[in-house]
Amino acid sequence: MFSGRELDVMNTLWELGSATVYEILENLSDELAYTTVLTMLQRLEEKGHVRHESEGRAHRYFPLVQREEAQDSAIQRVTRKLFLGSPELLMTRLLNKRGLSDEQLHGLRALLDERLKERGEE
């Protein structure tokens with residue numbers, strides 16, 4: 001859905017709610033040229049991911065795609081392309097990386113238990 005740089009811009013928009021090119025530049029961790037960010041915003045607008053409103057001589061950009069929607073799309077793409085379309089393989093890989101704390105593992109267990117309970121399983 002988004003390239004790496006586009007995702008940096010979108011993350012800034014999601015965090016701020018809306019922003020001008022200069023506001024985005026101020027919030028990016030990498031130094032980019034004004035024209036680079038402007039071009040990315042124009043492309044994102046062409047794709048239907050952002051819109052803009054005139055604000056004096058500047059444009060204020062607004063995200064049209066919610067962060068959760070982008071996350072869902074990315075997970076679906078990764079699952080389809082790298083894990084043979086199997087969410088179970090994706091989850092198994094994540095859990096086997098051993099980078100999760102005990103607290104995170106307990107949180108995941110609670111979420112799984114909750115999902116099973118919703119389905120009437122235990």
# chains A, B, ... in the order shown; residues from 1 in each chain; ligands from 1

call {"tool": "residues_around", "arguments": {"residues": "Tyr22 (chain A)", "least_positions_apart": "4", "cutoff": "10 Å", "atoms": "only C-alpha atoms", "output": "PyMOL selection string"}}
result
chain A and resi 26-27+34+37-38+58-60

call {"tool": "residues_around", "arguments": {"residues": "Val50 (chain A)", "least_positions_apart": "4", "cutoff": "6 Å", "atoms": "only C-alpha atoms", "output": "ChimeraX atom specification"}}
result
/A:44-45,62-64

call {"tool": "residues_around", "arguments": {"residues": "Val65 (chain A)", "least_positions_apart": "6", "cutoff": "12 Å", "atoms": "only C-alpha atoms", "output": "ChimeraX atom specification"}}
result
/A:1-2,7,10-11,13-14,17,44-45,47-51,71-73

call {"tool": "write_last_selection", "arguments": {"atoms": "all heavy atoms", "output": "short mmCIF file (atom, residue, chain, number, x, y, z; two decimals), in the first residue's frame"}}
result
data_model
loop_
_atom_site.label_atom_id
_atom_site.label_comp_id
_atom_site.auth_asym_id
_atom_site.auth_seq_id
_atom_site.Cartn_x
_atom_site.Cartn_y
_atom_site.Cartn_z
N MET A 1 0.81 -1.18 0.00
CA MET A 1 0.00 0.00 0.00
C MET A 1 0.87 1.26 0.00
O MET A 1 0.63 2.17 -0.77
CB MET A 1 -0.94 -0.04 1.20
CG MET A 1 -1.82 1.16 1.33
SD MET A 1 -2.95 1.02 2.71
CE MET A 1 -4.47 1.29 1.88
N PHE A 2 1.87 1.34 0.90
CA PHE A 2 2.73 2.51 0.99
C PHE A 2 4.18 2.10 0.87
O PHE A 2 4.58 1.05 1.38
CB PHE A 2 2.56 3.21 2.35
CG PHE A 2 1.17 3.70 2.63
CD1 PHE A 2 0.39 3.11 3.61
CD2 PHE A 2 0.64 4.76 1.92
CE1 PHE A 2 -0.88 3.57 3.88
CE2 PHE A 2 -0.65 5.22 2.18
CZ PHE A 2 -1.40 4.62 3.15
N LEU A 7 5.08 5.87 4.04
CA LEU A 7 4.63 5.46 5.38
C LEU A 7 5.13 6.43 6.45
O LEU A 7 4.41 6.73 7.39
CB LEU A 7 5.09 4.04 5.67
CG LEU A 7 4.43 3.33 6.84
CD1 LEU A 7 2.92 3.39 6.76
CD2 LEU A 7 4.89 1.90 6.91
N MET A 10 2.78 9.32 6.16
CA MET A 10 1.47 8.95 6.68
C MET A 10 1.50 8.86 8.21
O MET A 10 0.56 9.31 8.87
CB MET A 10 0.99 7.63 6.07
CG MET A 10 0.60 7.72 4.60
SD MET A 10 -0.71 8.91 4.23
CE MET A 10 -2.09 8.22 5.15
N ASN A 11 2.56 8.30 8.78
CA ASN A 11 2.66 8.22 10.24
C ASN A 11 2.62 9.61 10.86
O ASN A 11 1.98 9.82 11.90
CB ASN A 11 3.93 7.47 10.66
CG ASN A 11 3.73 5.98 10.70
OD1 ASN A 11 2.70 5.49 11.13
ND2 ASN A 11 4.72 5.24 10.23
N LEU A 13 1.17 12.27 9.51
CA LEU A 13 -0.20 12.76 9.38
C LEU A 13 -1.12 12.11 10.40
O LEU A 13 -1.99 12.77 10.99
CB LEU A 13 -0.73 12.51 7.96
CG LEU A 13 -0.18 13.43 6.88
CD1 LEU A 13 -0.67 13.00 5.50
CD2 LEU A 13 -0.58 14.88 7.15
N TRP A 14 -0.96 10.81 10.62
CA TRP A 14 -1.79 10.13 11.62
C TRP A 14 -1.53 10.69 13.02
O TRP A 14 -2.46 10.86 13.81
CB TRP A 14 -1.55 8.62 11.60
CG TRP A 14 -2.12 7.93 10.40
CD1 TRP A 14 -3.31 8.21 9.78
CD2 TRP A 14 -1.55 6.85 9.68
NE1 TRP A 14 -3.50 7.35 8.72
CE2 TRP A 14 -2.43 6.50 8.63
CE3 TRP A 14 -0.37 6.12 9.81
CZ2 TRP A 14 -2.18 5.48 7.73
CZ3 TRP A 14 -0.11 5.10 8.91
CH2 TRP A 14 -1.01 4.79 7.88
N GLY A 17 -2.80 14.50 12.83
CA GLY A 17 -4.19 14.69 12.38
C GLY A 17 -4.26 15.39 11.04
O GLY A 17 -5.07 15.06 10.19
N LEU A 44 0.39 10.55 -2.89
CA LEU A 44 -0.57 9.98 -1.94
C LEU A 44 -1.97 10.51 -2.21
O LEU A 44 -2.96 9.77 -2.08
CB LEU A 44 -0.14 10.29 -0.50
CG LEU A 44 1.07 9.50 0.01
CD1 LEU A 44 1.61 10.12 1.29
CD2 LEU A 44 0.71 8.04 0.21
N GLU A 45 -2.06 11.76 -2.62
CA GLU A 45 -3.36 12.33 -2.94
C GLU A 45 -3.93 11.71 -4.21
O GLU A 45 -5.11 11.38 -4.28
CB GLU A 45 -3.25 13.85 -3.09
CG GLU A 45 -4.60 14.53 -3.18
CD GLU A 45 -4.52 16.04 -2.98
OE1 GLU A 45 -3.45 16.63 -3.20
OE2 GLU A 45 -5.55 16.61 -2.60
N LYS A 47 -3.43 8.76 -5.23
CA LYS A 47 -3.84 7.40 -4.86
C LYS A 47 -5.08 7.38 -3.97
O LYS A 47 -5.61 6.33 -3.66
CB LYS A 47 -2.70 6.68 -4.13
CG LYS A 47 -1.47 6.42 -4.98
CD LYS A 47 -0.40 5.78 -4.12
CE LYS A 47 0.89 5.56 -4.87
NZ LYS A 47 1.93 4.95 -4.00
N GLY A 48 -5.50 8.56 -3.50
CA GLY A 48 -6.69 8.64 -2.65
C GLY A 48 -6.42 8.41 -1.17
O GLY A 48 -7.35 8.15 -0.41
N HIS A 49 -5.16 8.53 -0.74
CA HIS A 49 -4.82 8.30 0.65
C HIS A 49 -4.85 9.56 1.51
O HIS A 49 -4.95 9.48 2.73
CB HIS A 49 -3.44 7.64 0.76
CG HIS A 49 -3.34 6.33 0.05
ND1 HIS A 49 -4.25 5.31 0.23
CD2 HIS A 49 -2.45 5.86 -0.84
CE1 HIS A 49 -3.91 4.28 -0.52
NE2 HIS A 49 -2.82 4.60 -1.18
N VAL A 50 -4.69 10.73 0.85
CA VAL A 50 -4.74 12.01 1.56
C VAL A 50 -5.53 13.00 0.72
O VAL A 50 -5.77 12.79 -0.47
CB VAL A 50 -3.33 12.59 1.87
CG1 VAL A 50 -2.49 11.63 2.69
CG2 VAL A 50 -2.60 12.98 0.61
N ARG A 51 -5.93 14.10 1.36
CA ARG A 51 -6.54 15.21 0.66
C ARG A 51 -5.92 16.48 1.21
O ARG A 51 -5.27 16.45 2.26
CB ARG A 51 -8.06 15.23 0.84
CG ARG A 51 -8.52 15.55 2.25
CD ARG A 51 -10.04 15.68 2.36
NE ARG A 51 -10.45 15.91 3.73
CZ ARG A 51 -10.44 17.10 4.33
NH1 ARG A 51 -10.07 18.17 3.66
NH2 ARG A 51 -10.82 17.22 5.58
N GLN A 71 -2.65 -0.92 8.48
CA GLN A 71 -2.08 -2.08 9.16
C GLN A 71 -2.71 -3.37 8.67
O GLN A 71 -2.01 -4.35 8.39
CB GLN A 71 -2.26 -1.94 10.68
CG GLN A 71 -1.43 -0.86 11.31
CD GLN A 71 -1.82 -0.60 12.75
OE1 GLN A 71 -2.91 -0.93 13.20
NE2 GLN A 71 -0.91 0.02 13.50
N ASP A 72 -4.04 -3.38 8.59
CA ASP A 72 -4.75 -4.58 8.12
C ASP A 72 -4.32 -4.95 6.71
O ASP A 72 -4.07 -6.12 6.41
CB ASP A 72 -6.27 -4.38 8.16
CG ASP A 72 -6.81 -4.31 9.58
OD1 ASP A 72 -6.08 -4.69 10.52
OD2 ASP A 72 -7.97 -3.87 9.73
N SER A 73 -4.21 -3.96 5.85
CA SER A 73 -3.80 -4.20 4.46
C SER A 73 -2.38 -4.76 4.40
O SER A 73 -2.10 -5.71 3.66
CB SER A 73 -3.90 -2.90 3.66
OG SER A 73 -3.42 -3.09 2.36
#

call {"tool": "select_by_dssp", "arguments": {"residues": "region 23-118 of chain A", "states": "alpha helix (DSSP H)", "output": "compact mmCIF listing (two decimals) with N, CA, C and O atoms, in the first residue's frame"}}
result
# COMPACT_ATOMS: atom_id res chain seq x y z
N GLU A 23 5.37 21.21 8.38
CA GLU A 23 5.11 20.50 9.64
C GLU A 23 5.53 19.04 9.54
O GLU A 23 6.05 18.47 10.50
N ILE A 24 5.32 18.46 8.38
CA ILE A 24 5.77 17.08 8.17
C ILE A 24 7.29 17.01 8.23
O ILE A 24 7.86 16.15 8.90
N LEU A 25 7.95 17.95 7.53
CA LEU A 25 9.42 17.98 7.54
C LEU A 25 9.97 18.09 8.97
O LEU A 25 10.96 17.44 9.31
N GLU A 26 9.32 18.91 9.80
CA GLU A 26 9.76 19.09 11.18
C GLU A 26 9.63 17.82 12.01
O GLU A 26 10.35 17.64 12.99
N ASN A 27 8.73 16.94 11.63
CA ASN A 27 8.44 15.74 12.42
C ASN A 27 9.07 14.46 11.88
O ASN A 27 8.96 13.41 12.52
N TYR A 34 12.05 19.68 0.80
CA TYR A 34 10.65 20.11 0.75
C TYR A 34 9.97 19.50 -0.47
O TYR A 34 8.86 18.97 -0.37
N THR A 35 10.64 19.56 -1.62
CA THR A 35 10.03 19.06 -2.86
C THR A 35 9.81 17.56 -2.81
O THR A 35 8.85 17.06 -3.40
N THR A 36 10.65 16.84 -2.11
CA THR A 36 10.48 15.39 -1.98
C THR A 36 9.20 15.07 -1.22
O THR A 36 8.39 14.24 -1.64
N VAL A 37 9.00 15.76 -0.10
CA VAL A 37 7.80 15.53 0.71
C VAL A 37 6.56 15.98 -0.06
O VAL A 37 5.53 15.30 -0.07
N LEU A 38 6.66 17.12 -0.73
CA LEU A 38 5.54 17.61 -1.53
C LEU A 38 5.16 16.60 -2.61
O LEU A 38 3.97 16.29 -2.80
N THR A 39 6.14 16.06 -3.30
CA THR A 39 5.89 15.06 -4.35
C THR A 39 5.22 13.82 -3.77
O THR A 39 4.27 13.28 -4.34
N MET A 40 5.69 13.37 -2.60
CA MET A 40 5.07 12.20 -1.96
C MET A 40 3.62 12.49 -1.60
O MET A 40 2.75 11.64 -1.81
N LEU A 41 3.36 13.68 -1.07
CA LEU A 41 1.99 14.04 -0.72
C LEU A 41 1.10 14.11 -1.96
O LEU A 41 -0.05 13.66 -1.93
N GLN A 42 1.62 14.62 -3.04
CA GLN A 42 0.85 14.68 -4.28
C GLN A 42 0.54 13.28 -4.79
O GLN A 42 -0.58 13.00 -5.25
N ARG A 43 1.50 12.38 -4.69
CA ARG A 43 1.27 10.99 -5.10
C ARG A 43 0.26 10.30 -4.19
O ARG A 43 -0.61 9.56 -4.65
N LEU A 44 0.39 10.55 -2.89
CA LEU A 44 -0.57 9.98 -1.94
C LEU A 44 -1.97 10.51 -2.21
O LEU A 44 -2.96 9.77 -2.08
N GLU A 45 -2.06 11.76 -2.62
CA GLU A 45 -3.36 12.33 -2.94
C GLU A 45 -3.93 11.71 -4.21
O GLU A 45 -5.11 11.38 -4.28
N GLU A 46 -3.08 11.50 -5.21
CA GLU A 46 -3.52 10.85 -6.46
C GLU A 46 -4.04 9.43 -6.18
O GLU A 46 -4.97 8.98 -6.83
N ARG A 67 -4.96 4.53 10.14
CA ARG A 67 -3.77 3.72 10.42
C ARG A 67 -4.14 2.23 10.50
O ARG A 67 -3.44 1.38 9.95
N GLU A 68 -5.25 1.92 11.16
CA GLU A 68 -5.67 0.52 11.33
C GLU A 68 -5.96 -0.12 9.98
O GLU A 68 -5.67 -1.31 9.78
N GLU A 69 -6.55 0.64 9.07
CA GLU A 69 -6.82 0.12 7.72
C GLU A 69 -5.52 -0.21 7.00
O GLU A 69 -5.40 -1.24 6.34
N ALA A 70 -4.52 0.65 7.14
CA ALA A 70 -3.23 0.41 6.52
C ALA A 70 -2.54 -0.80 7.15
O ALA A 70 -1.93 -1.61 6.45
N GLN A 71 -2.65 -0.92 8.48
CA GLN A 71 -2.08 -2.08 9.16
C GLN A 71 -2.71 -3.37 8.67
O GLN A 71 -2.01 -4.35 8.39
N ASP A 72 -4.04 -3.38 8.59
CA ASP A 72 -4.75 -4.58 8.12
C ASP A 72 -4.32 -4.95 6.71
O ASP A 72 -4.07 -6.12 6.41
N SER A 73 -4.21 -3.96 5.85
CA SER A 73 -3.80 -4.20 4.46
C SER A 73 -2.38 -4.76 4.40
O SER A 73 -2.10 -5.71 3.66
N ALA A 74 -1.48 -4.20 5.19
CA ALA A 74 -0.10 -4.67 5.20
C ALA A 74 0.01 -6.10 5.72
O ALA A 74 0.73 -6.93 5.17
N ILE A 75 -0.75 -6.40 6.79
CA ILE A 75 -0.73 -7.75 7.34
C ILE A 75 -1.27 -8.75 6.32
O ILE A 75 -0.71 -9.84 6.15
N GLN A 76 -2.34 -8.39 5.64
CA GLN A 76 -2.90 -9.28 4.62
C GLN A 76 -1.90 -9.53 3.50
O GLN A 76 -1.73 -10.66 3.05
N ARG A 77 -1.21 -8.47 3.07
CA ARG A 77 -0.23 -8.61 1.99
C ARG A 77 0.94 -9.49 2.41
O ARG A 77 1.34 -10.40 1.69
N VAL A 78 1.48 -9.23 3.61
CA VAL A 78 2.60 -10.03 4.11
C VAL A 78 2.17 -11.48 4.30
O VAL A 78 2.90 -12.41 3.93
N THR A 79 1.00 -11.69 4.87
CA THR A 79 0.50 -13.05 5.08
C THR A 79 0.37 -13.79 3.75
O THR A 79 0.80 -14.93 3.61
N ARG A 80 -0.20 -13.12 2.77
CA ARG A 80 -0.42 -13.73 1.45
C ARG A 80 0.91 -14.04 0.76
O ARG A 80 1.11 -15.12 0.23
N LYS A 81 1.85 -13.09 0.79
CA LYS A 81 3.08 -13.23 0.00
C LYS A 81 4.18 -14.03 0.69
O LYS A 81 4.94 -14.71 0.03
N LEU A 82 4.28 -13.94 2.02
CA LEU A 82 5.39 -14.60 2.71
C LEU A 82 4.98 -15.83 3.51
O LEU A 82 5.82 -16.66 3.83
N PRO A 87 -2.45 -17.14 8.28
CA PRO A 87 -2.22 -16.34 9.48
C PRO A 87 -1.55 -17.15 10.60
O PRO A 87 -0.78 -16.61 11.38
N GLU A 88 -1.84 -18.45 10.62
CA GLU A 88 -1.23 -19.30 11.64
C GLU A 88 0.29 -19.35 11.48
O GLU A 88 1.03 -19.27 12.47
N LEU A 89 0.78 -19.45 10.23
CA LEU A 89 2.23 -19.43 10.00
C LEU A 89 2.84 -18.10 10.42
O LEU A 89 3.93 -18.07 11.00
N LEU A 90 2.16 -17.01 10.13
CA LEU A 90 2.63 -15.69 10.53
C LEU A 90 2.73 -15.61 12.05
O LEU A 90 3.76 -15.19 12.60
N MET A 91 1.69 -16.00 12.76
CA MET A 91 1.69 -15.94 14.22
C MET A 91 2.76 -16.86 14.81
O MET A 91 3.44 -16.50 15.77
N THR A 92 2.92 -18.04 14.23
CA THR A 92 3.93 -18.97 14.71
C THR A 92 5.32 -18.36 14.58
O THR A 92 6.13 -18.44 15.50
N ARG A 93 5.57 -17.72 13.45
CA ARG A 93 6.87 -17.07 13.24
C ARG A 93 7.09 -15.95 14.25
O ARG A 93 8.17 -15.83 14.83
N LEU A 94 6.08 -15.14 14.48
CA LEU A 94 6.20 -14.04 15.44
C LEU A 94 6.47 -14.58 16.85
O LEU A 94 7.32 -14.05 17.57
N LEU A 95 5.76 -15.61 17.24
CA LEU A 95 5.94 -16.17 18.59
C LEU A 95 7.27 -16.88 18.75
O LEU A 95 7.86 -16.88 19.83
N ASN A 96 7.78 -17.47 17.68
CA ASN A 96 9.04 -18.19 17.76
C ASN A 96 10.26 -17.28 17.72
O ASN A 96 11.37 -17.74 17.97
N ASP A 102 7.44 -11.60 28.88
CA ASP A 102 6.41 -12.42 29.53
C ASP A 102 5.09 -11.66 29.57
O ASP A 102 4.03 -12.24 29.35
N GLU A 103 5.15 -10.36 29.84
CA GLU A 103 3.94 -9.54 29.89
C GLU A 103 3.23 -9.54 28.53
O GLU A 103 2.00 -9.66 28.46
N GLN A 104 4.00 -9.41 27.46
CA GLN A 104 3.39 -9.42 26.12
C GLN A 104 2.79 -10.78 25.80
O GLN A 104 1.71 -10.87 25.22
N LEU A 105 3.49 -11.84 26.17
CA LEU A 105 2.95 -13.19 25.94
C LEU A 105 1.66 -13.42 26.71
O LEU A 105 0.71 -13.99 26.19
N HIS A 106 1.60 -12.95 27.95
CA HIS A 106 0.37 -13.09 28.74
C HIS A 106 -0.76 -12.27 28.10
O HIS A 106 -1.92 -12.71 28.10
N GLY A 107 -0.44 -11.10 27.57
CA GLY A 107 -1.44 -10.29 26.89
C GLY A 107 -1.99 -10.98 25.66
O GLY A 107 -3.20 -10.97 25.40
N LEU A 108 -1.09 -11.63 24.90
CA LEU A 108 -1.53 -12.38 23.72
C LEU A 108 -2.38 -13.59 24.12
O LEU A 108 -3.38 -13.88 23.47
N ARG A 109 -1.98 -14.26 25.19
CA ARG A 109 -2.77 -15.40 25.67
C ARG A 109 -4.17 -14.94 26.05
O ARG A 109 -5.16 -15.59 25.72
N ALA A 110 -4.26 -13.80 26.75
CA ALA A 110 -5.57 -13.27 27.16
C ALA A 110 -6.42 -12.94 25.93
O ALA A 110 -7.63 -13.21 25.91
N LEU A 111 -5.80 -12.37 24.92
CA LEU A 111 -6.53 -12.05 23.69
C LEU A 111 -7.02 -13.32 23.00
O LEU A 111 -8.17 -13.40 22.56
N LEU A 112 -6.18 -14.35 22.93
CA LEU A 112 -6.59 -15.63 22.34
C LEU A 112 -7.72 -16.26 23.14
O LEU A 112 -8.69 -16.77 22.55
N ASP A 113 -7.60 -16.25 24.45
CA ASP A 113 -8.66 -16.80 25.30
C ASP A 113 -9.98 -16.07 25.07
O ASP A 113 -11.04 -16.69 24.99
N GLU A 114 -9.89 -14.76 24.95
CA GLU A 114 -11.09 -13.94 24.70
C GLU A 114 -11.73 -14.30 23.36
O GLU A 114 -12.94 -14.45 23.26
N ARG A 115 -10.92 -14.47 22.33
CA ARG A 115 -11.45 -14.83 21.01
C ARG A 115 -12.11 -16.19 21.03
O ARG A 115 -13.15 -16.41 20.42
N LEU A 116 -11.49 -17.14 21.71
CA LEU A 116 -12.05 -18.48 21.81
C LEU A 116 -13.38 -18.45 22.57
O LEU A 116 -14.33 -19.14 22.21
N LYS A 117 -13.43 -17.65 23.64
CA LYS A 117 -14.65 -17.53 24.43
C LYS A 117 -15.78 -16.94 23.58
O LYS A 117 -16.92 -17.37 23.66
N GLU A 118 -15.45 -15.95 22.74
CA GLU A 118 -16.45 -15.34 21.85
C GLU A 118 -17.04 -16.37 20.89
O GLU A 118 -18.19 -16.27 20.50

call {"tool": "residues_around", "arguments": {"residues": "Thr12 (chain A)", "least_positions_apart": "3", "cutoff": "8 Å", "atoms": "only C-alpha atoms", "output": "PyMOL selection string"}}
result
chain A and resi 8-9+15-16+24+27-28
